[in-house]
>>> print(open('my_file27.cif').read())   # mmCIF, N, CA, C and O atoms
data_start
loop_
_atom_site.group_PDB
_atom_site.id
_atom_site.type_symbol
_atom_site.label_atom_id
_atom_site.label_comp_id
_atom_site.auth_asym_id
_atom_site.auth_seq_id
_atom_site.Cartn_x
_atom_site.Cartn_y
_atom_site.Cartn_z
ATOM 1 N N MET B 23 16.393 8.101 10.126
ATOM 2 C CA MET B 23 16.433 6.668 9.877
ATOM 3 C C MET B 23 15.581 6.338 8.667
ATOM 4 O O MET B 23 14.479 6.840 8.508
ATOM 5 N N ASN B 24 16.088 5.490 7.812
ATOM 6 C CA ASN B 24 15.370 5.120 6.599
ATOM 7 C C ASN B 24 14.543 3.858 6.845
ATOM 8 O O ASN B 24 15.080 2.831 7.236
ATOM 9 N N ARG B 25 13.247 3.973 6.623
ATOM 10 C CA ARG B 25 12.378 2.814 6.826
ATOM 11 C C ARG B 25 12.455 1.864 5.640
ATOM 12 O O ARG B 25 12.758 2.278 4.524
ATOM 13 N N LYS B 26 12.152 0.597 5.911
ATOM 14 C CA LYS B 26 12.081 -0.408 4.854
ATOM 15 C C LYS B 26 10.616 -0.649 4.530
ATOM 16 O O LYS B 26 9.777 -0.766 5.424
ATOM 17 N N ILE B 27 10.327 -0.735 3.240
ATOM 18 C CA ILE B 27 8.966 -0.932 2.758
ATOM 19 C C ILE B 27 8.886 -2.273 2.036
ATOM 20 O O ILE B 27 9.749 -2.601 1.222
ATOM 21 N N LYS B 28 7.842 -3.019 2.309
ATOM 22 C CA LYS B 28 7.595 -4.312 1.661
ATOM 23 C C LYS B 28 6.478 -4.112 0.644
ATOM 24 O O LYS B 28 5.350 -3.791 1.009
ATOM 25 N N LEU B 29 6.823 -4.236 -0.642
ATOM 26 C CA LEU B 29 5.844 -4.126 -1.719
ATOM 27 C C LEU B 29 5.394 -5.538 -2.075
ATOM 28 O O LEU B 29 6.223 -6.427 -2.267
ATOM 29 N N ILE B 30 4.076 -5.728 -2.186
ATOM 30 C CA ILE B 30 3.505 -7.071 -2.266
ATOM 31 C C ILE B 30 2.596 -7.216 -3.480
ATOM 32 O O ILE B 30 1.790 -6.335 -3.778
ATOM 33 N N TRP B 31 2.726 -8.377 -4.143
ATOM 34 C CA TRP B 31 1.839 -8.759 -5.242
ATOM 35 C C TRP B 31 1.157 -10.061 -4.830
ATOM 36 O O TRP B 31 1.815 -11.033 -4.469
ATOM 37 N N ASP B 32 -0.176 -10.085 -4.886
ATOM 38 C CA ASP B 32 -0.965 -11.270 -4.522
ATOM 39 C C ASP B 32 -1.282 -12.090 -5.763
ATOM 40 O O ASP B 32 -1.627 -11.527 -6.811
ATOM 41 N N PHE B 33 -1.191 -13.408 -5.613
ATOM 42 C CA PHE B 33 -1.546 -14.331 -6.693
ATOM 43 C C PHE B 33 -2.459 -15.397 -6.118
ATOM 44 O O PHE B 33 -2.103 -16.068 -5.150
ATOM 45 N N LYS B 34 -3.625 -15.516 -6.716
ATOM 46 C CA LYS B 34 -4.634 -16.437 -6.190
ATOM 47 C C LYS B 34 -4.942 -17.531 -7.188
ATOM 48 O O LYS B 34 -4.730 -17.375 -8.382
ATOM 49 N N GLY B 35 -5.444 -18.651 -6.666
ATOM 50 C CA GLY B 35 -5.797 -19.784 -7.503
ATOM 51 C C GLY B 35 -4.783 -20.910 -7.338
ATOM 52 O O GLY B 35 -3.758 -20.756 -6.669
ATOM 53 N N PRO B 36 -5.044 -22.030 -7.958
ATOM 54 C CA PRO B 36 -4.170 -23.196 -7.787
ATOM 55 C C PRO B 36 -2.753 -22.997 -8.337
ATOM 56 O O PRO B 36 -1.827 -23.674 -7.905
ATOM 57 N N ASP B 37 -2.556 -22.057 -9.255
ATOM 58 C CA ASP B 37 -1.231 -21.793 -9.816
ATOM 59 C C ASP B 37 -0.553 -20.584 -9.172
ATOM 60 O O ASP B 37 0.487 -20.131 -9.643
ATOM 61 N N GLY B 38 -1.140 -20.077 -8.106
ATOM 62 C CA GLY B 38 -0.627 -18.864 -7.475
ATOM 63 C C GLY B 38 0.807 -18.961 -7.002
ATOM 64 O O GLY B 38 1.582 -18.014 -7.158
ATOM 65 N N LEU B 39 1.180 -20.096 -6.432
ATOM 66 C CA LEU B 39 2.544 -20.241 -5.931
ATOM 67 C C LEU B 39 3.560 -20.186 -7.063
ATOM 68 O O LEU B 39 4.574 -19.484 -6.967
ATOM 69 N N GLU B 40 3.291 -20.899 -8.136
ATOM 70 C CA GLU B 40 4.226 -20.881 -9.273
ATOM 71 C C GLU B 40 4.300 -19.495 -9.897
ATOM 72 O O GLU B 40 5.376 -19.051 -10.320
ATOM 73 N N THR B 41 3.188 -18.798 -9.941
ATOM 74 C CA THR B 41 3.178 -17.439 -10.489
ATOM 75 C C THR B 41 3.986 -16.505 -9.591
ATOM 76 O O THR B 41 4.750 -15.666 -10.086
ATOM 77 N N ALA B 42 3.841 -16.644 -8.284
ATOM 78 C CA ALA B 42 4.606 -15.813 -7.344
ATOM 79 C C ALA B 42 6.105 -16.065 -7.489
ATOM 80 O O ALA B 42 6.908 -15.125 -7.498
ATOM 81 N N LYS B 43 6.495 -17.336 -7.607
ATOM 82 C CA LYS B 43 7.909 -17.671 -7.800
ATOM 83 C C LYS B 43 8.442 -17.025 -9.081
ATOM 84 O O LYS B 43 9.546 -16.468 -9.112
ATOM 85 N N HIS B 44 7.665 -17.094 -10.140
ATOM 86 C CA HIS B 44 8.081 -16.518 -11.419
ATOM 87 C C HIS B 44 8.167 -14.991 -11.331
ATOM 88 O O HIS B 44 9.067 -14.371 -11.910
ATOM 89 N N HIS B 45 7.246 -14.391 -10.600
ATOM 90 C CA HIS B 45 7.253 -12.938 -10.458
ATOM 91 C C HIS B 45 8.535 -12.471 -9.763
ATOM 92 O O HIS B 45 9.076 -11.399 -10.088
ATOM 93 N N CYS B 46 9.049 -13.267 -8.827
ATOM 94 C CA CYS B 46 10.304 -12.934 -8.145
ATOM 95 C C CYS B 46 11.451 -12.797 -9.132
ATOM 96 O O CYS B 46 12.317 -11.929 -8.970
ATOM 97 N N ILE B 47 11.459 -13.620 -10.156
ATOM 98 C CA ILE B 47 12.498 -13.534 -11.194
ATOM 99 C C ILE B 47 12.443 -12.167 -11.865
ATOM 100 O O ILE B 47 13.469 -11.512 -12.071
ATOM 101 N N HIS B 48 11.240 -11.717 -12.186
ATOM 102 C CA HIS B 48 11.089 -10.416 -12.839
ATOM 103 C C HIS B 48 11.465 -9.267 -11.908
ATOM 104 O O HIS B 48 12.025 -8.258 -12.358
ATOM 105 N N LEU B 49 11.170 -9.395 -10.621
ATOM 106 C CA LEU B 49 11.568 -8.358 -9.670
ATOM 107 C C LEU B 49 13.090 -8.237 -9.610
ATOM 108 O O LEU B 49 13.630 -7.130 -9.597
ATOM 109 N N LYS B 50 13.779 -9.361 -9.596
ATOM 110 C CA LYS B 50 15.246 -9.350 -9.576
ATOM 111 C C LYS B 50 15.807 -8.751 -10.865
ATOM 112 O O LYS B 50 16.736 -7.947 -10.829
ATOM 113 N N GLU B 51 15.221 -9.143 -12.001
ATOM 114 C CA GLU B 51 15.677 -8.605 -13.284
ATOM 115 C C GLU B 51 15.503 -7.094 -13.340
ATOM 116 O O GLU B 51 16.400 -6.369 -13.779
ATOM 117 N N PHE B 52 14.356 -6.605 -12.915
ATOM 118 C CA PHE B 52 14.095 -5.167 -12.921
ATOM 119 C C PHE B 52 15.116 -4.434 -12.058
ATOM 120 O O PHE B 52 15.671 -3.410 -12.471
ATOM 121 N N SER B 53 15.368 -4.960 -10.865
ATOM 122 C CA SER B 53 16.320 -4.325 -9.953
ATOM 123 C C SER B 53 17.713 -4.263 -10.560
ATOM 124 O O SER B 53 18.418 -3.253 -10.419
ATOM 125 N N GLN B 54 18.122 -5.324 -11.228
ATOM 126 C CA GLN B 54 19.445 -5.352 -11.844
ATOM 127 C C GLN B 54 19.535 -4.390 -13.028
ATOM 128 O O GLN B 54 20.508 -3.652 -13.156
ATOM 129 N N ILE B 55 18.531 -4.415 -13.878
ATOM 130 C CA ILE B 55 18.536 -3.543 -15.061
ATOM 131 C C ILE B 55 18.553 -2.072 -14.651
ATOM 132 O O ILE B 55 19.301 -1.268 -15.210
ATOM 133 N N GLU B 56 17.739 -1.723 -13.652
ATOM 134 C CA GLU B 56 17.643 -0.331 -13.206
ATOM 135 C C GLU B 56 18.718 0.038 -12.181
ATOM 136 O O GLU B 56 18.777 1.182 -11.748
ATOM 137 N N LYS B 57 19.515 -0.958 -11.764
ATOM 138 C CA LYS B 57 20.579 -0.745 -10.777
ATOM 139 C C LYS B 57 20.022 -0.153 -9.479
ATOM 140 O O LYS B 57 20.556 0.820 -8.920
ATOM 141 N N LEU B 58 18.945 -0.767 -8.995
ATOM 142 C CA LEU B 58 18.285 -0.331 -7.765
ATOM 143 C C LEU B 58 18.561 -1.317 -6.641
ATOM 144 O O LEU B 58 18.510 -2.524 -6.833
ATOM 145 N N HIS B 59 18.839 -0.782 -5.468
ATOM 146 C CA HIS B 59 19.138 -1.604 -4.295
ATOM 147 C C HIS B 59 17.842 -2.155 -3.688
ATOM 148 O O HIS B 59 16.827 -1.469 -3.626
ATOM 149 N N PHE B 60 17.897 -3.384 -3.235
ATOM 150 C CA PHE B 60 16.795 -3.984 -2.484
ATOM 151 C C PHE B 60 17.382 -4.829 -1.375
ATOM 152 O O PHE B 60 18.551 -5.208 -1.406
ATOM 153 N N HIS B 61 16.564 -5.123 -0.368
ATOM 154 C CA HIS B 61 17.012 -5.944 0.759
ATOM 155 C C HIS B 61 16.666 -7.413 0.565
ATOM 156 O O HIS B 61 17.452 -8.283 0.902
ATOM 157 N N GLU B 62 15.483 -7.663 0.034
ATOM 158 C CA GLU B 62 15.035 -9.052 -0.111
ATOM 159 C C GLU B 62 13.963 -9.140 -1.186
ATOM 160 O O GLU B 62 13.120 -8.252 -1.300
ATOM 161 N N ILE B 63 14.002 -10.222 -1.934
ATOM 162 C CA ILE B 63 12.941 -10.595 -2.859
ATOM 163 C C ILE B 63 12.608 -12.045 -2.545
ATOM 164 O O ILE B 63 13.499 -12.882 -2.470
ATOM 165 N N ASN B 64 11.321 -12.314 -2.337
ATOM 166 C CA ASN B 64 10.934 -13.681 -1.981
ATOM 167 C C ASN B 64 9.444 -13.872 -2.238
ATOM 168 O O ASN B 64 8.756 -12.968 -2.701
ATOM 169 N N HIS B 65 8.971 -15.063 -1.920
ATOM 170 C CA HIS B 65 7.550 -15.398 -2.066
ATOM 171 C C HIS B 65 7.107 -16.175 -0.835
ATOM 172 O O HIS B 65 7.929 -16.739 -0.121
ATOM 173 N N ASN B 66 5.808 -16.165 -0.581
ATOM 174 C CA ASN B 66 5.190 -16.924 0.507
ATOM 175 C C ASN B 66 3.906 -17.552 0.003
ATOM 176 O O ASN B 66 3.187 -16.937 -0.797
ATOM 177 N N GLN B 67 3.620 -18.735 0.509
ATOM 178 C CA GLN B 67 2.337 -19.364 0.226
ATOM 179 C C GLN B 67 1.504 -19.259 1.496
ATOM 180 O O GLN B 67 1.851 -19.822 2.533
ATOM 181 N N LEU B 68 0.407 -18.519 1.415
ATOM 182 C CA LEU B 68 -0.459 -18.333 2.577
ATOM 183 C C LEU B 68 -1.391 -19.521 2.766
ATOM 184 O O LEU B 68 -1.681 -19.913 3.882
ATOM 185 N N ASN B 69 -1.906 -20.045 1.660
ATOM 186 C CA ASN B 69 -2.695 -21.283 1.658
ATOM 187 C C ASN B 69 -2.674 -21.835 0.233
ATOM 188 O O ASN B 69 -1.980 -21.307 -0.621
ATOM 189 N N ASP B 70 -3.417 -22.894 -0.020
ATOM 190 C CA ASP B 70 -3.380 -23.537 -1.334
ATOM 191 C C ASP B 70 -3.820 -22.623 -2.480
ATOM 192 O O ASP B 70 -3.505 -22.889 -3.637
ATOM 193 N N PHE B 71 -4.548 -21.559 -2.154
ATOM 194 C CA PHE B 71 -5.098 -20.702 -3.203
ATOM 195 C C PHE B 71 -4.695 -19.235 -3.080
ATOM 196 O O PHE B 71 -5.276 -18.378 -3.728
ATOM 197 N N HIS B 72 -3.689 -18.953 -2.254
ATOM 198 C CA HIS B 72 -3.230 -17.565 -2.121
ATOM 199 C C HIS B 72 -1.734 -17.548 -1.815
ATOM 200 O O HIS B 72 -1.299 -18.024 -0.768
ATOM 201 N N SER B 73 -0.976 -17.005 -2.750
ATOM 202 C CA SER B 73 0.462 -16.837 -2.581
ATOM 203 C C SER B 73 0.814 -15.388 -2.883
ATOM 204 O O SER B 73 0.013 -14.651 -3.467
ATOM 205 N N LEU B 74 1.995 -14.990 -2.476
ATOM 206 C CA LEU B 74 2.410 -13.627 -2.758
ATOM 207 C C LEU B 74 3.898 -13.583 -3.075
ATOM 208 O O LEU B 74 4.659 -14.450 -2.666
ATOM 209 N N ALA B 75 4.262 -12.567 -3.826
ATOM 210 C CA ALA B 75 5.659 -12.236 -4.096
ATOM 211 C C ALA B 75 5.888 -10.863 -3.478
ATOM 212 O O ALA B 75 4.976 -10.035 -3.424
ATOM 213 N N TYR B 76 7.109 -10.636 -2.987
ATOM 214 C CA TYR B 76 7.379 -9.337 -2.391
ATOM 215 C C TYR B 76 8.827 -8.926 -2.586
ATOM 216 O O TYR B 76 9.697 -9.747 -2.843
ATOM 217 N N ILE B 77 9.024 -7.622 -2.460
ATOM 218 C CA ILE B 77 10.362 -7.039 -2.455
ATOM 219 C C ILE B 77 10.413 -6.049 -1.307
ATOM 220 O O ILE B 77 9.445 -5.321 -1.060
ATOM 221 N N ILE B 78 11.525 -6.055 -0.581
ATOM 222 C CA ILE B 78 11.726 -5.104 0.508
ATOM 223 C C ILE B 78 12.780 -4.109 0.049
ATOM 224 O O ILE B 78 13.891 -4.495 -0.334
ATOM 225 N N VAL B 79 12.394 -2.828 0.084
ATOM 226 C CA VAL B 79 13.266 -1.756 -0.391
ATOM 227 C C VAL B 79 13.309 -0.632 0.642
ATOM 228 O O VAL B 79 12.432 -0.522 1.494
ATOM 229 N N ASP B 80 14.343 0.203 0.551
ATOM 230 C CA ASP B 80 14.384 1.399 1.375
ATOM 231 C C ASP B 80 13.300 2.354 0.902
ATOM 232 O O ASP B 80 12.976 2.417 -0.289
ATOM 233 N N GLU B 81 12.766 3.108 1.833
ATOM 234 C CA GLU B 81 11.672 4.021 1.517
ATOM 235 C C GLU B 81 12.029 4.993 0.395
ATOM 236 O O GLU B 81 11.166 5.347 -0.413
ATOM 237 N N VAL B 82 13.285 5.382 0.281
ATOM 238 C CA VAL B 82 13.687 6.327 -0.760
ATOM 239 C C VAL B 82 13.503 5.753 -2.170
ATOM 240 O O VAL B 82 13.343 6.505 -3.131
ATOM 241 N N TYR B 83 13.516 4.425 -2.309
ATOM 242 C CA TYR B 83 13.332 3.777 -3.607
ATOM 243 C C TYR B 83 11.900 3.312 -3.845
ATOM 244 O O TYR B 83 11.574 2.848 -4.931
ATOM 245 N N MET B 84 11.059 3.417 -2.842
ATOM 246 C CA MET B 84 9.706 2.865 -2.911
ATOM 247 C C MET B 84 8.914 3.406 -4.105
ATOM 248 O O MET B 84 8.300 2.634 -4.840
ATOM 249 N N LYS B 85 8.936 4.701 -4.338
ATOM 250 C CA LYS B 85 8.138 5.276 -5.426
ATOM 251 C C LYS B 85 8.605 4.785 -6.797
ATOM 252 O O LYS B 85 7.790 4.553 -7.682
ATOM 253 N N THR B 86 9.896 4.602 -6.961
ATOM 254 C CA THR B 86 10.423 4.098 -8.229
ATOM 255 C C THR B 86 9.875 2.708 -8.509
ATOM 256 O O THR B 86 9.375 2.427 -9.602
ATOM 257 N N PHE B 87 9.962 1.817 -7.522
ATOM 258 C CA PHE B 87 9.437 0.464 -7.680
ATOM 259 C C PHE B 87 7.918 0.490 -7.829
ATOM 260 O O PHE B 87 7.363 -0.181 -8.699
ATOM 261 N N ARG B 88 7.232 1.258 -6.997
ATOM 262 C CA ARG B 88 5.767 1.307 -7.019
ATOM 263 C C ARG B 88 5.242 1.786 -8.372
ATOM 264 O O ARG B 88 4.350 1.167 -8.956
ATOM 265 N N ASP B 89 5.795 2.865 -8.867
ATOM 266 C CA ASP B 89 5.291 3.444 -10.108
ATOM 267 C C ASP B 89 5.563 2.548 -11.316
ATOM 268 O O ASP B 89 4.758 2.468 -12.234
ATOM 269 N N ALA B 90 6.702 1.857 -11.313
ATOM 270 C CA ALA B 90 7.061 1.006 -12.451
ATOM 271 C C ALA B 90 6.389 -0.358 -12.397
ATOM 272 O O ALA B 90 6.013 -0.908 -13.429
ATOM 273 N N LEU B 91 6.215 -0.914 -11.201
ATOM 274 C CA LEU B 91 5.798 -2.317 -11.089
ATOM 275 C C LEU B 91 4.382 -2.521 -10.551
ATOM 276 O O LEU B 91 3.888 -3.641 -10.555
ATOM 277 N N LYS B 92 3.738 -1.488 -10.078
ATOM 278 C CA LYS B 92 2.331 -1.527 -9.659
ATOM 279 C C LYS B 92 2.014 -2.666 -8.666
ATOM 280 O O LYS B 92 1.231 -3.562 -8.955
ATOM 281 N N PRO B 93 2.618 -2.638 -7.474
ATOM 282 C CA PRO B 93 2.282 -3.669 -6.485
ATOM 283 C C PRO B 93 0.821 -3.549 -6.059
ATOM 284 O O PRO B 93 0.209 -2.489 -6.193
ATOM 285 N N HIS B 94 0.278 -4.637 -5.548
ATOM 286 C CA HIS B 94 -1.103 -4.640 -5.085
ATOM 287 C C HIS B 94 -1.246 -3.919 -3.750
ATOM 288 O O HIS B 94 -2.290 -3.353 -3.457
ATOM 289 N N ARG B 95 -0.177 -3.973 -2.941
ATOM 290 C CA ARG B 95 -0.220 -3.311 -1.639
ATOM 291 C C ARG B 95 1.197 -3.181 -1.103
ATOM 292 O O ARG B 95 2.143 -3.710 -1.673
ATOM 293 N N GLY B 96 1.322 -2.473 -0.001
ATOM 294 C CA GLY B 96 2.608 -2.309 0.639
ATOM 295 C C GLY B 96 2.430 -2.172 2.141
ATOM 296 O O GLY B 96 1.341 -1.868 2.623
ATOM 297 N N GLU B 97 3.524 -2.412 2.872
ATOM 298 C CA GLU B 97 3.494 -2.288 4.320
ATOM 299 C C GLU B 97 4.920 -2.040 4.807
ATOM 300 O O GLU B 97 5.880 -2.247 4.072
ATOM 301 N N LEU B 98 5.019 -1.590 6.052
ATOM 302 C CA LEU B 98 6.340 -1.438 6.643
ATOM 303 C C LEU B 98 6.933 -2.815 6.867
ATOM 304 O O LEU B 98 6.245 -3.735 7.316
ATOM 305 N N ALA B 99 8.202 -2.969 6.530
ATOM 306 C CA ALA B 99 8.882 -4.260 6.716
ATOM 307 C C ALA B 99 9.477 -4.301 8.117
ATOM 308 O O ALA B 99 9.763 -3.266 8.720
ATOM 309 N N ASP B 100 9.667 -5.491 8.599
ATOM 310 C CA ASP B 100 10.273 -5.678 9.926
ATOM 311 C C ASP B 100 11.728 -5.314 9.917
ATOM 312 O O ASP B 100 12.450 -5.505 9.009
#
>>> encode(input="my_file27.cif", output="structure tokens")
Amino acid sequence: MNRKIKLIWDFKGPDGLETAKHHCIHLKEFSQIEKLHFHEINHNQLNDFHSLAYIIVDEVYMKTFRDALKPHRGELAD
């Protein structure tokens, strides 16, 4: 069974949400240019000063995304 991995980028400060939204655009562009499959790209606002952008990928693609895009952290996706 192939696990799904959630790669996460944290953005802090009052502009964090807008930065996270913009980062999602770049994640989608990268995936399209490299022709890489993903399950989801989205953002979340944790509070007024901490937002994140994430991409959920199959574990087989995780190293490609990780090495090229340098996420801040990762976790198993639901």
>>> atom_distance(input="my_file27.cif", atom1="atom CA of Ala99 of chain B", atom2="atom CA of Arg25 of chain B")
7.9 Å
>>> residues_around(input="my_file27.cif", residues="Ala75 of chain B", least_positions_apart="3", cutoff="7 Å", atoms="only N, CA, C and O atoms", output="list of chain:residue names")
B:Leu29, B:Ile30, B:Trp31, B:Asp32, B:Phe33, B:Gly38, B:Thr41, B:Ala42, B:Lys43, B:His45, B:Cys46, B:Ile63, B:Asn64, B:His65, B:Asn66
>>> atom_distance(input="my_file27.cif", atom1="atom N of Phe71 of chain B", atom2="atom N of His94 of chain B")
17.9 Å
>>> axis_aligned_box(input="my_file27.cif", around="segment 43-60 of chain B", padding_each_side="8 Å", output="AutoDock Vina command-line options")
--center_x 13.5 --center_y -8.2 --center_z -8.3 --size_x 30.1 --size_y 34.9 --size_z 29.8
>>> closest_residue(input="my_file27.cif", among="B:Ile47, B:Ile77, B:Leu39, B:Val82", to="Gly96 of chain B", atoms="all atoms listed in the file")
B:Ile77
>>> select_by_dssp(input="my_file27.cif", residues="chain B", states="strand (DSSP E or B)", output="PyMOL selection string")
chain B and resi 26-34+62-69+72-80+95-98
>>> write_last_selection(input="my_file27.cif", atoms="N, CA, C and O atoms", output="CSV table (one decimal), in the coordinates of the input")
chain,number,residue,atom,x,y,z
B,26,LYS,N,12.2,0.6,5.9
B,26,LYS,CA,12.1,-0.4,4.9
B,26,LYS,C,10.6,-0.6,4.5
B,26,LYS,O,9.8,-0.8,5.4
B,27,ILE,N,10.3,-0.7,3.2
B,27,ILE,CA,9.0,-0.9,2.8
B,27,ILE,C,8.9,-2.3,2.0
B,27,ILE,O,9.7,-2.6,1.2
B,28,LYS,N,7.8,-3.0,2.3
B,28,LYS,CA,7.6,-4.3,1.7
B,28,LYS,C,6.5,-4.1,0.6
B,28,LYS,O,5.4,-3.8,1.0
B,29,LEU,N,6.8,-4.2,-0.6
B,29,LEU,CA,5.8,-4.1,-1.7
B,29,LEU,C,5.4,-5.5,-2.1
B,29,LEU,O,6.2,-6.4,-2.3
B,30,ILE,N,4.1,-5.7,-2.2
B,30,ILE,CA,3.5,-7.1,-2.3
B,30,ILE,C,2.6,-7.2,-3.5
B,30,ILE,O,1.8,-6.3,-3.8
B,31,TRP,N,2.7,-8.4,-4.1
B,31,TRP,CA,1.8,-8.8,-5.2
B,31,TRP,C,1.2,-10.1,-4.8
B,31,TRP,O,1.8,-11.0,-4.5
B,32,ASP,N,-0.2,-10.1,-4.9
B,32,ASP,CA,-1.0,-11.3,-4.5
B,32,ASP,C,-1.3,-12.1,-5.8
B,32,ASP,O,-1.6,-11.5,-6.8
B,33,PHE,N,-1.2,-13.4,-5.6
B,33,PHE,CA,-1.5,-14.3,-6.7
B,33,PHE,C,-2.5,-15.4,-6.1
B,33,PHE,O,-2.1,-16.1,-5.2
B,34,LYS,N,-3.6,-15.5,-6.7
B,34,LYS,CA,-4.6,-16.4,-6.2
B,34,LYS,C,-4.9,-17.5,-7.2
B,34,LYS,O,-4.7,-17.4,-8.4
B,62,GLU,N,15.5,-7.7,0.0
B,62,GLU,CA,15.0,-9.1,-0.1
B,62,GLU,C,14.0,-9.1,-1.2
B,62,GLU,O,13.1,-8.3,-1.3
B,63,ILE,N,14.0,-10.2,-1.9
B,63,ILE,CA,12.9,-10.6,-2.9
B,63,ILE,C,12.6,-12.0,-2.5
B,63,ILE,O,13.5,-12.9,-2.5
B,64,ASN,N,11.3,-12.3,-2.3
B,64,ASN,CA,10.9,-13.7,-2.0
B,64,ASN,C,9.4,-13.9,-2.2
B,64,ASN,O,8.8,-13.0,-2.7
B,65,HIS,N,9.0,-15.1,-1.9
B,65,HIS,CA,7.6,-15.4,-2.1
B,65,HIS,C,7.1,-16.2,-0.8
B,65,HIS,O,7.9,-16.7,-0.1
B,66,ASN,N,5.8,-16.2,-0.6
B,66,ASN,CA,5.2,-16.9,0.5
B,66,ASN,C,3.9,-17.6,0.0
B,66,ASN,O,3.2,-16.9,-0.8
B,67,GLN,N,3.6,-18.7,0.5
B,67,GLN,CA,2.3,-19.4,0.2
B,67,GLN,C,1.5,-19.3,1.5
B,67,GLN,O,1.9,-19.8,2.5
B,68,LEU,N,0.4,-18.5,1.4
B,68,LEU,CA,-0.5,-18.3,2.6
B,68,LEU,C,-1.4,-19.5,2.8
B,68,LEU,O,-1.7,-19.9,3.9
B,69,ASN,N,-1.9,-20.0,1.7
B,69,ASN,CA,-2.7,-21.3,1.7
B,69,ASN,C,-2.7,-21.8,0.2
B,69,ASN,O,-2.0,-21.3,-0.6
B,72,HIS,N,-3.7,-19.0,-2.3
B,72,HIS,CA,-3.2,-17.6,-2.1
B,72,HIS,C,-1.7,-17.5,-1.8
B,72,HIS,O,-1.3,-18.0,-0.8
B,73,SER,N,-1.0,-17.0,-2.8
B,73,SER,CA,0.5,-16.8,-2.6
B,73,SER,C,0.8,-15.4,-2.9
B,73,SER,O,0.0,-14.7,-3.5
B,74,LEU,N,2.0,-15.0,-2.5
B,74,LEU,CA,2.4,-13.6,-2.8
B,74,LEU,C,3.9,-13.6,-3.1
B,74,LEU,O,4.7,-14.4,-2.7
B,75,ALA,N,4.3,-12.6,-3.8
B,75,ALA,CA,5.7,-12.2,-4.1
B,75,ALA,C,5.9,-10.9,-3.5
B,75,ALA,O,5.0,-10.0,-3.4
B,76,TYR,N,7.1,-10.6,-3.0
B,76,TYR,CA,7.4,-9.3,-2.4
B,76,TYR,C,8.8,-8.9,-2.6
B,76,TYR,O,9.7,-9.7,-2.8
B,77,ILE,N,9.0,-7.6,-2.5
B,77,ILE,CA,10.4,-7.0,-2.5
B,77,ILE,C,10.4,-6.0,-1.3
B,77,ILE,O,9.4,-5.3,-1.1
B,78,ILE,N,11.5,-6.1,-0.6
B,78,ILE,CA,11.7,-5.1,0.5
B,78,ILE,C,12.8,-4.1,0.0
B,78,ILE,O,13.9,-4.5,-0.3
B,79,VAL,N,12.4,-2.8,0.1
B,79,VAL,CA,13.3,-1.8,-0.4
B,79,VAL,C,13.3,-0.6,0.6
B,79,VAL,O,12.4,-0.5,1.5
B,80,ASP,N,14.3,0.2,0.6
B,80,ASP,CA,14.4,1.4,1.4
B,80,ASP,C,13.3,2.4,0.9
B,80,ASP,O,13.0,2.4,-0.3
B,95,ARG,N,-0.2,-4.0,-2.9
B,95,ARG,CA,-0.2,-3.3,-1.6
B,95,ARG,C,1.2,-3.2,-1.1
B,95,ARG,O,2.1,-3.7,-1.7
B,96,GLY,N,1.3,-2.5,0.0
B,96,GLY,CA,2.6,-2.3,0.6
B,96,GLY,C,2.4,-2.2,2.1
B,96,GLY,O,1.3,-1.9,2.6
B,97,GLU,N,3.5,-2.4,2.9
B,97,GLU,CA,3.5,-2.3,4.3
B,97,GLU,C,4.9,-2.0,4.8
B,97,GLU,O,5.9,-2.2,4.1
B,98,LEU,N,5.0,-1.6,6.1
B,98,LEU,CA,6.3,-1.4,6.6
B,98,LEU,C,6.9,-2.8,6.9
B,98,LEU,O,6.2,-3.7,7.3
>>> atom_distance(input="my_file27.cif", atom1="atom CA of Gln54 of chain B", atom2="atom CA of Leu91 of chain B")
14.0 Å
>>> resolve_selection(input="my_file27.cif", expression="the PyMOL selection byres ((chain B and resi 60) around 6)", output="PDB file with N, CA, C and O atoms, keeping the file's coordinate frame")
ATOM      1  N   LEU B  58      18.945  -0.767  -8.995  1.00  0.00           N
ATOM      2  CA  LEU B  58      18.285  -0.331  -7.765  1.00  0.00           C
ATOM      3  C   LEU B  58      18.561  -1.317  -6.641  1.00  0.00           C
ATOM      4  O   LEU B  58      18.510  -2.524  -6.833  1.00  0.00           O
ATOM      5  N   HIS B  59      18.839  -0.782  -5.468  1.00  0.00           N
ATOM      6  CA  HIS B  59      19.138  -1.604  -4.295  1.00  0.00           C
ATOM      7  C   HIS B  59      17.842  -2.155  -3.688  1.00  0.00           C
ATOM      8  O   HIS B  59      16.827  -1.469  -3.626  1.00  0.00           O
ATOM      9  N   HIS B  61      16.564  -5.123  -0.368  1.00  0.00           N
ATOM     10  CA  HIS B  61      17.012  -5.944   0.759  1.00  0.00           C
ATOM     11  C   HIS B  61      16.666  -7.413   0.565  1.00  0.00           C
ATOM     12  O   HIS B  61      17.452  -8.283   0.902  1.00  0.00           O
ATOM     13  N   GLU B  62      15.483  -7.663   0.034  1.00  0.00           N
ATOM     14  CA  GLU B  62      15.035  -9.052  -0.111  1.00  0.00           C
ATOM     15  C   GLU B  62      13.963  -9.140  -1.186  1.00  0.00           C
ATOM     16  O   GLU B  62      13.120  -8.252  -1.300  1.00  0.00           O
ATOM     17  N   ILE B  78      11.525  -6.055  -0.581  1.00  0.00           N
ATOM     18  CA  ILE B  78      11.726  -5.104   0.508  1.00  0.00           C
ATOM     19  C   ILE B  78      12.780  -4.109   0.049  1.00  0.00           C
ATOM     20  O   ILE B  78      13.891  -4.495  -0.334  1.00  0.00           O
ATOM     21  N   VAL B  79      12.394  -2.828   0.084  1.00  0.00           N
ATOM     22  CA  VAL B  79      13.266  -1.756  -0.391  1.00  0.00           C
ATOM     23  C   VAL B  79      13.309  -0.632   0.642  1.00  0.00           C
ATOM     24  O   VAL B  79      12.432  -0.522   1.494  1.00  0.00           O
ATOM     25  N   ASP B  80      14.343   0.203   0.551  1.00  0.00           N
ATOM     26  CA  ASP B  80      14.384   1.399   1.375  1.00  0.00           C
ATOM     27  C   ASP B  80      13.300   2.354   0.902  1.00  0.00           C
ATOM     28  O   ASP B  80      12.976   2.417  -0.289  1.00  0.00           O
TER      29      ASP B  80
END
